[in-house]
Amino acid sequence: MIEIKNISKKFGKLEVLKDINLSCKKGECIALIGPNGCGKTTLIKSILGMVLPDKGTIEFNGKSVLGEHLYRENIGYMPQIGRYPDNMTIGQIIEMIKKIRNSNQALDEDLLKAFKLESMFDKQMRTLSGGTTQKVSAVLAFLFNPDVLILDEPTAGLDPLAAEILKEKIIQEKDKGKLIFITSHLLSELDDLITEIIFMQDGTVYFHKKVATLKAETNEDKISKAIASILKNKSVNQNHQESHKVLKAIL
Amino acid sequence: MNRIIKIIWLDILKSRIVFAYTLILAILSWSSFALEDNSAKGILTVLNVILFTVPLVSILFATIYLYNSAEFIELLLSQPIKRGKIWISLFLGLSLSMILAFFVGAGIPLLINSPDSIGLMMLINGCLITVIFTALAFSSAIITRDKAKGIGIAIMTWLFFALLFDGLVLFLLFQFQDYPIENAMVAITALSPIDLARIQILLHLDVSAMMGYTGAIFKDFFGTAVGLIASFVLLSLWAILPFFISLKKFKTKDL
């Protein structure tokens, strides 16, 4: 469904993405993990067309996304830090996005109800807490029943109850056969969600594997332990100190 | 596109700054006409007021608005909307609401007190100046991510066209007064939208008779139909070029 071919991106002198190749299919729930600043958000933003890569192509359903915009109808995006116009209320934001999308599809308002946002419709965005802003982002991402969901640190800032609601919703959507991207640092939280793992490091993909294969290869039943054991093996072969740093960063 | 323009337009009209701007323009225009005994003198006063305040407010308000809507732009970008469309909608929304403010504030007193070709021309020129400086605001806002820098660039742009440019022209005039530079002067005025608008109006007032030989040369060019069209085309270019440069940059910007 999404094909990423030889993507490179530099911000000034800093090489954020180095020749990345990925292929993601329908029905998968993919976790994008890696230490801070390894290029996860940049990769996501390139898929959305917010960051334009220097080299390479990204294909969505077989078509390049460069200069296109209609493909975004099929993507629901939940940013890491949702930033919204300060003086608009929750109701106005949701109303505005509905008007802009102008779709006549049935809307998915499950999360709106589960988060009880309707009672806060006339609150201005600048008065909201970080968690409530995240809830608004989540509602907007799921609202139009997109085929692809891109969730950048979805549960960061949410209270345990809201995080659980969101997790259930994600599982529900996964079962409908949608492609879901999640970036997260909380590996324990991903255990019952994901089917594939992409591990990024310094702007490159270190590995892209199915969770089942990963667990079988390492004889572990938890994702966090499986990854830790992979990185330990790596440290035997390679420079010990560097891998140690990586280990520290993700655990 | 219309939906986004409408959202932006309503958002701007709600702001108190635009309301204050309209009010100040109205007070200045009505009092200028009330204080002078004939409408030509009134028009001259209004002209100077317009050519000073309209560019300043247009460029500053538009620049600040653009920086403040960074979040809004980001939100729209994750939706299925073309990048160019977002930028064009912002431009149209901003210029239309500034034109409306100008029309209500200065346009109505102009049309009532001077219901002739000069009043109409003032109105058109005022609208063009509004659009031009909104476009300049777009190009200064796209240059840098830093709000303070962007506003600084906008103020410098205004300062250059409103004050420094006239100083430079005067300096050149004195340096080269021994040479026949009248035709060159006509060309140089094209480099500043404010001067272009000022000369266009001055030449249609009786005071142009007092401008001597240079005035006659100017009248020879700007007074004719060809000159008039040429200067309107130049003014339109001043609006279109800065905006298109900013549009091109916006399309390849990382957000």
# chains A, B, ... in the order shown; residues from 1 in each chain; ligands from 1
$ interface_residues --of "chain A" --to "chain B" --cutoff "6 Å" --atoms "only C-alpha atoms" --output "ChimeraX atom specification"
/A:50-51,69-70,72-73,83-85
$ write_last_selection --atoms "N, CA and C atoms" --output "short mmCIF file (atom, residue, chain, number, x, y, z; two decimals), in the first residue's frame"
data_model
loop_
_atom_site.label_atom_id
_atom_site.label_comp_id
_atom_site.auth_asym_id
_atom_site.auth_seq_id
_atom_site.Cartn_x
_atom_site.Cartn_y
_atom_site.Cartn_z
N MET A 50 4.44 16.72 4.08
CA MET A 50 4.76 17.96 4.79
C MET A 50 6.24 18.26 4.71
N VAL A 51 7.03 17.22 4.64
CA VAL A 51 8.46 17.38 4.38
C VAL A 51 8.72 16.78 3.01
N HIS A 69 -2.29 15.54 -3.65
CA HIS A 69 -2.93 15.86 -2.37
C HIS A 69 -4.12 14.96 -2.07
N LEU A 70 -4.72 14.40 -3.12
CA LEU A 70 -5.95 13.64 -2.89
C LEU A 70 -5.72 12.37 -2.08
N ARG A 72 -4.27 12.04 0.52
CA ARG A 72 -4.38 12.31 1.95
C ARG A 72 -5.81 12.11 2.46
N GLU A 73 -6.76 11.97 1.52
CA GLU A 73 -8.12 11.64 1.94
C GLU A 73 -8.15 10.29 2.66
N ARG A 83 -0.91 21.03 17.09
CA ARG A 83 -0.94 22.49 17.24
C ARG A 83 -2.14 23.02 16.48
N TYR A 84 -3.00 23.73 17.19
CA TYR A 84 -4.24 24.20 16.58
C TYR A 84 -4.37 25.70 16.79
N PRO A 85 -5.14 26.37 15.93
CA PRO A 85 -5.35 27.81 16.11
C PRO A 85 -5.92 28.09 17.51
#
$ select_by_dssp --residues "segment 75-144 of chain A" --states "strand (DSSP E or B)" --output "list of chain:residue names"
A:Ile75, A:Gly76, A:Tyr77, A:Met78, A:Thr89, A:Gln124
$ residues_around --residues "Glu109 of chain A" --least-positions-apart "5" --cutoff "8 Å" --atoms "only C-alpha atoms" --output "number ranges by chain"
A: 139, 142-143
$ write_last_selection --atoms "N, CA and C atoms" --output "compact mmCIF listing (two decimals), in the first residue's frame"
# COMPACT_ATOMS: atom_id res chain seq x y z
N VAL A 139 -9.32 12.18 17.70
CA VAL A 139 -10.66 12.22 17.10
C VAL A 139 -10.56 12.58 15.62
N PHE A 142 -9.24 9.74 13.33
CA PHE A 142 -10.14 8.60 13.07
C PHE A 142 -11.45 9.01 12.41
N LEU A 143 -11.74 10.31 12.39
CA LEU A 143 -13.08 10.80 12.03
C LEU A 143 -13.57 10.36 10.65
$ atom_distance --atom1 "atom CA of Leu179 of chain A" --atom2 "atom CA of Cys29 of chain A"
6.0 Å
$ atom_distance --atom1 "atom CA of Val54 of chain B" --atom2 "atom CA of Leu96 of chain B"
13.8 Å
$ closest_residue --among "B:Ile132, B:Leu172, B:Ile64, B:Ala190" --to "Ile153 of chain B" --atoms "only C-alpha atoms"
B:Ile64
$ residues_around --residues "Ile245 of chain B" --least-positions-apart "5" --cutoff "10 Å" --atoms "only C-alpha atoms" --output "number ranges by chain"
B: 135-136, 138-139, 142, 240, 250
$ residues_around --residues "Trp158 of chain B" --least-positions-apart "3" --cutoff "10 Å" --atoms "only C-alpha atoms" --output "ChimeraX atom specification"
/B:52,55-60,133,136-137,152-155,161-164,194
$ write_last_selection --atoms "N, CA and C atoms" --output "PDB file, in the first residue's frame"
ATOM      1  N   PHE B  52       0.446  56.571   3.431  1.00  0.00           N
ATOM      2  CA  PHE B  52       1.299  56.323   4.586  1.00  0.00           C
ATOM      3  C   PHE B  52       0.773  55.177   5.442  1.00  0.00           C
ATOM      4  N   PRO B  55      -0.201  51.077   3.428  1.00  0.00           N
ATOM      5  CA  PRO B  55       0.869  50.093   3.269  1.00  0.00           C
ATOM      6  C   PRO B  55       1.363  49.547   4.605  1.00  0.00           C
ATOM      7  N   LEU B  56       1.504  50.419   5.587  1.00  0.00           N
ATOM      8  CA  LEU B  56       2.032  49.980   6.883  1.00  0.00           C
ATOM      9  C   LEU B  56       1.118  48.929   7.516  1.00  0.00           C
ATOM     10  N   VAL B  57      -0.167  49.258   7.588  1.00  0.00           N
ATOM     11  CA  VAL B  57      -1.098  48.327   8.242  1.00  0.00           C
ATOM     12  C   VAL B  57      -1.201  47.035   7.433  1.00  0.00           C
ATOM     13  N   SER B  58      -1.281  47.148   6.108  1.00  0.00           N
ATOM     14  CA  SER B  58      -1.435  45.944   5.285  1.00  0.00           C
ATOM     15  C   SER B  58      -0.266  44.995   5.490  1.00  0.00           C
ATOM     16  N   ILE B  59       0.954  45.533   5.402  1.00  0.00           N
ATOM     17  CA  ILE B  59       2.120  44.629   5.449  1.00  0.00           C
ATOM     18  C   ILE B  59       2.311  44.069   6.853  1.00  0.00           C
ATOM     19  N   LEU B  60       2.106  44.903   7.877  1.00  0.00           N
ATOM     20  CA  LEU B  60       2.326  44.428   9.246  1.00  0.00           C
ATOM     21  C   LEU B  60       1.263  43.418   9.653  1.00  0.00           C
ATOM     22  N   PHE B 133       0.948  45.374  -0.770  1.00  0.00           N
ATOM     23  CA  PHE B 133       1.685  45.225   0.479  1.00  0.00           C
ATOM     24  C   PHE B 133       1.313  43.940   1.218  1.00  0.00           C
ATOM     25  N   LEU B 136       3.696  41.634  -0.480  1.00  0.00           N
ATOM     26  CA  LEU B 136       5.053  41.810   0.057  1.00  0.00           C
ATOM     27  C   LEU B 136       5.167  41.152   1.438  1.00  0.00           C
ATOM     28  N   ALA B 137       4.079  41.203   2.210  1.00  0.00           N
ATOM     29  CA  ALA B 137       4.071  40.554   3.523  1.00  0.00           C
ATOM     30  C   ALA B 137       4.267  39.049   3.352  1.00  0.00           C
ATOM     31  N   GLY B 152      10.471  42.224  11.247  1.00  0.00           N
ATOM     32  CA  GLY B 152      11.525  43.206  10.971  1.00  0.00           C
ATOM     33  C   GLY B 152      11.669  43.455   9.478  1.00  0.00           C
ATOM     34  N   ILE B 153      11.681  42.371   8.708  1.00  0.00           N
ATOM     35  CA  ILE B 153      11.801  42.504   7.255  1.00  0.00           C
ATOM     36  C   ILE B 153      10.607  43.279   6.705  1.00  0.00           C
ATOM     37  N   ALA B 154       9.420  42.982   7.229  1.00  0.00           N
ATOM     38  CA  ALA B 154       8.212  43.673   6.754  1.00  0.00           C
ATOM     39  C   ALA B 154       8.313  45.169   7.034  1.00  0.00           C
ATOM     40  N   ILE B 155       8.765  45.538   8.242  1.00  0.00           N
ATOM     41  CA  ILE B 155       8.858  46.957   8.581  1.00  0.00           C
ATOM     42  C   ILE B 155       9.906  47.641   7.704  1.00  0.00           C
ATOM     43  N   PHE B 161       9.974  51.745   1.056  1.00  0.00           N
ATOM     44  CA  PHE B 161       9.087  52.298   0.030  1.00  0.00           C
ATOM     45  C   PHE B 161       8.443  53.603   0.471  1.00  0.00           C
ATOM     46  N   ALA B 162       8.169  53.753   1.764  1.00  0.00           N
ATOM     47  CA  ALA B 162       7.450  54.938   2.226  1.00  0.00           C
ATOM     48  C   ALA B 162       8.382  56.133   2.413  1.00  0.00           C
ATOM     49  N   LEU B 163       9.605  55.914   2.863  1.00  0.00           N
ATOM     50  CA  LEU B 163      10.491  57.041   3.176  1.00  0.00           C
ATOM     51  C   LEU B 163      11.805  57.009   2.407  1.00  0.00           C
ATOM     52  N   LEU B 164      12.542  55.891   2.531  1.00  0.00           N
ATOM     53  CA  LEU B 164      13.897  55.857   1.988  1.00  0.00           C
ATOM     54  C   LEU B 164      13.931  56.053   0.479  1.00  0.00           C
ATOM     55  N   ILE B 194       4.361  52.844  -4.160  1.00  0.00           N
ATOM     56  CA  ILE B 194       3.741  54.003  -3.511  1.00  0.00           C
ATOM     57  C   ILE B 194       3.888  55.240  -4.389  1.00  0.00           C
TER      58      ILE B 194
END
$ closest_residue --among "A:Gln92, A:Asn219, A:Ser224, A:Asn61" --to "Asp191 of chain A" --atoms "only C-alpha atoms"
A:Ser224
$ decode --residues "segment 124-228 of chain A" --atoms "C-alpha atoms" --output "PDB file, in the first residue's frame"
ATOM      1  CA  GLN A 124     -10.958  27.300  23.254  1.00  0.00           C
ATOM      2  CA  MET A 125      -7.916  25.353  22.128  1.00  0.00           C
ATOM      3  CA  ARG A 126      -5.454  27.472  24.129  1.00  0.00           C
ATOM      4  CA  THR A 127      -7.245  26.606  27.383  1.00  0.00           C
ATOM      5  CA  LEU A 128      -6.901  22.854  26.842  1.00  0.00           C
ATOM      6  CA  SER A 129      -4.430  20.610  28.617  1.00  0.00           C
ATOM      7  CA  GLY A 130      -1.894  18.641  26.591  1.00  0.00           C
ATOM      8  CA  GLY A 131      -3.889  15.442  27.059  1.00  0.00           C
ATOM      9  CA  THR A 132      -7.147  16.958  25.853  1.00  0.00           C
ATOM     10  CA  THR A 133      -5.374  18.376  22.791  1.00  0.00           C
ATOM     11  CA  GLN A 134      -4.114  14.841  22.093  1.00  0.00           C
ATOM     12  CA  LYS A 135      -7.695  13.598  22.327  1.00  0.00           C
ATOM     13  CA  VAL A 136      -8.792  16.164  19.738  1.00  0.00           C
ATOM     14  CA  SER A 137      -5.949  15.018  17.456  1.00  0.00           C
ATOM     15  CA  ALA A 138      -7.022  11.408  17.878  1.00  0.00           C
ATOM     16  CA  VAL A 139     -10.658  12.215  17.100  1.00  0.00           C
ATOM     17  CA  LEU A 140      -9.626  14.074  13.926  1.00  0.00           C
ATOM     18  CA  ALA A 141      -7.381  11.211  12.798  1.00  0.00           C
ATOM     19  CA  PHE A 142     -10.142   8.603  13.067  1.00  0.00           C
ATOM     20  CA  LEU A 143     -13.075  10.800  12.031  1.00  0.00           C
ATOM     21  CA  PHE A 144     -13.149  10.090   8.299  1.00  0.00           C
ATOM     22  CA  ASN A 145     -12.599   6.332   8.359  1.00  0.00           C
ATOM     23  CA  PRO A 146      -9.229   6.515   6.575  1.00  0.00           C
ATOM     24  CA  ASP A 147      -7.526   3.413   5.153  1.00  0.00           C
ATOM     25  CA  VAL A 148      -4.211   4.390   6.687  1.00  0.00           C
ATOM     26  CA  LEU A 149      -3.706   5.693  10.201  1.00  0.00           C
ATOM     27  CA  ILE A 150      -0.475   7.408  11.131  1.00  0.00           C
ATOM     28  CA  LEU A 151      -0.168   7.892  14.869  1.00  0.00           C
ATOM     29  CA  ASP A 152       2.873   9.738  16.161  1.00  0.00           C
ATOM     30  CA  GLU A 153       3.269   8.910  19.868  1.00  0.00           C
ATOM     31  CA  PRO A 154      -0.493   8.477  20.290  1.00  0.00           C
ATOM     32  CA  THR A 155      -0.591   7.662  23.983  1.00  0.00           C
ATOM     33  CA  ALA A 156       1.981  10.198  25.192  1.00  0.00           C
ATOM     34  CA  GLY A 157       0.190  12.617  27.506  1.00  0.00           C
ATOM     35  CA  LEU A 158      -3.037  10.634  27.693  1.00  0.00           C
ATOM     36  CA  ASP A 159      -4.283   9.353  31.042  1.00  0.00           C
ATOM     37  CA  PRO A 160      -4.352   5.527  31.421  1.00  0.00           C
ATOM     38  CA  LEU A 161      -8.098   5.378  30.824  1.00  0.00           C
ATOM     39  CA  ALA A 162      -7.967   7.423  27.613  1.00  0.00           C
ATOM     40  CA  ALA A 163      -4.884   5.507  26.450  1.00  0.00           C
ATOM     41  CA  GLU A 164      -6.813   2.252  26.919  1.00  0.00           C
ATOM     42  CA  ILE A 165      -9.781   3.618  24.923  1.00  0.00           C
ATOM     43  CA  LEU A 166      -7.447   4.656  22.119  1.00  0.00           C
ATOM     44  CA  LYS A 167      -5.675   1.288  22.154  1.00  0.00           C
ATOM     45  CA  GLU A 168      -8.957  -0.569  21.830  1.00  0.00           C
ATOM     46  CA  LYS A 169      -9.937   1.688  18.959  1.00  0.00           C
ATOM     47  CA  ILE A 170      -6.639   0.983  17.215  1.00  0.00           C
ATOM     48  CA  ILE A 171      -7.145  -2.775  17.558  1.00  0.00           C
ATOM     49  CA  GLN A 172     -10.697  -2.402  16.249  1.00  0.00           C
ATOM     50  CA  GLU A 173      -9.446  -0.521  13.158  1.00  0.00           C
ATOM     51  CA  LYS A 174      -6.632  -3.020  12.623  1.00  0.00           C
ATOM     52  CA  ASP A 175      -9.195  -5.820  12.506  1.00  0.00           C
ATOM     53  CA  LYS A 176     -11.006  -3.912   9.757  1.00  0.00           C
ATOM     54  CA  GLY A 177      -7.875  -4.387   7.628  1.00  0.00           C
ATOM     55  CA  LYS A 178      -6.403  -0.923   7.820  1.00  0.00           C
ATOM     56  CA  LEU A 179      -2.734  -0.073   7.682  1.00  0.00           C
ATOM     57  CA  ILE A 180      -1.625   1.495  10.947  1.00  0.00           C
ATOM     58  CA  PHE A 181       1.675   3.198  11.754  1.00  0.00           C
ATOM     59  CA  ILE A 182       2.542   3.840  15.372  1.00  0.00           C
ATOM     60  CA  THR A 183       5.643   5.449  16.736  1.00  0.00           C
ATOM     61  CA  SER A 184       6.205   4.952  20.407  1.00  0.00           C
ATOM     62  CA  HIS A 185       8.851   4.597  23.071  1.00  0.00           C
ATOM     63  CA  LEU A 186       6.667   2.492  25.309  1.00  0.00           C
ATOM     64  CA  LEU A 187       7.460  -0.963  23.942  1.00  0.00           C
ATOM     65  CA  SER A 188       5.439  -2.737  26.609  1.00  0.00           C
ATOM     66  CA  GLU A 189       2.350  -0.925  25.433  1.00  0.00           C
ATOM     67  CA  LEU A 190       2.727  -2.194  21.879  1.00  0.00           C
ATOM     68  CA  ASP A 191       2.720  -5.884  22.733  1.00  0.00           C
ATOM     69  CA  ASP A 192      -0.878  -6.730  21.883  1.00  0.00           C
ATOM     70  CA  LEU A 193      -1.178  -4.171  19.080  1.00  0.00           C
ATOM     71  CA  ILE A 194       1.440  -4.604  16.446  1.00  0.00           C
ATOM     72  CA  THR A 195       2.289  -7.126  13.773  1.00  0.00           C
ATOM     73  CA  GLU A 196       5.503  -5.641  12.360  1.00  0.00           C
ATOM     74  CA  ILE A 197       8.405  -3.634  13.713  1.00  0.00           C
ATOM     75  CA  ILE A 198      10.583  -1.098  11.957  1.00  0.00           C
ATOM     76  CA  PHE A 199      13.645  -0.168  13.972  1.00  0.00           C
ATOM     77  CA  MET A 200      15.316   3.048  12.875  1.00  0.00           C
ATOM     78  CA  GLN A 201      18.691   4.327  13.911  1.00  0.00           C
ATOM     79  CA  ASP A 202      20.571   7.443  12.731  1.00  0.00           C
ATOM     80  CA  GLY A 203      18.330   7.904   9.724  1.00  0.00           C
ATOM     81  CA  THR A 204      18.558   4.322   8.463  1.00  0.00           C
ATOM     82  CA  VAL A 205      16.312   1.302   8.870  1.00  0.00           C
ATOM     83  CA  TYR A 206      18.130  -1.137  11.131  1.00  0.00           C
ATOM     84  CA  PHE A 207      15.569  -3.876  10.631  1.00  0.00           C
ATOM     85  CA  HIS A 208      11.990  -4.382   9.436  1.00  0.00           C
ATOM     86  CA  LYS A 209      10.529  -7.659  10.639  1.00  0.00           C
ATOM     87  CA  LYS A 210       7.300  -9.365  11.582  1.00  0.00           C
ATOM     88  CA  VAL A 211       6.776  -9.540  15.320  1.00  0.00           C
ATOM     89  CA  ALA A 212       6.344 -13.328  15.180  1.00  0.00           C
ATOM     90  CA  THR A 213       9.663 -13.846  13.372  1.00  0.00           C
ATOM     91  CA  LEU A 214      11.382 -11.502  15.758  1.00  0.00           C
ATOM     92  CA  LYS A 215      10.093 -13.362  18.777  1.00  0.00           C
ATOM     93  CA  ALA A 216      10.998 -16.744  17.259  1.00  0.00           C
ATOM     94  CA  GLU A 217      14.518 -15.614  16.372  1.00  0.00           C
ATOM     95  CA  THR A 218      15.228 -14.403  19.851  1.00  0.00           C
ATOM     96  CA  ASN A 219      13.193 -16.898  21.878  1.00  0.00           C
ATOM     97  CA  GLU A 220      11.522 -14.110  23.799  1.00  0.00           C
ATOM     98  CA  ASP A 221       7.797 -13.513  24.247  1.00  0.00           C
ATOM     99  CA  LYS A 222       7.935  -9.775  24.916  1.00  0.00           C
ATOM    100  CA  ILE A 223       8.798  -7.258  22.229  1.00  0.00           C
ATOM    101  CA  SER A 224      10.938  -5.175  24.538  1.00  0.00           C
ATOM    102  CA  LYS A 225      13.060  -8.189  25.494  1.00  0.00           C
ATOM    103  CA  ALA A 226      13.319  -9.371  21.889  1.00  0.00           C
ATOM    104  CA  ILE A 227      14.688  -6.032  20.785  1.00  0.00           C
ATOM    105  CA  ALA A 228      17.035  -5.834  23.715  1.00  0.00           C
TER     106      ALA A 228
END
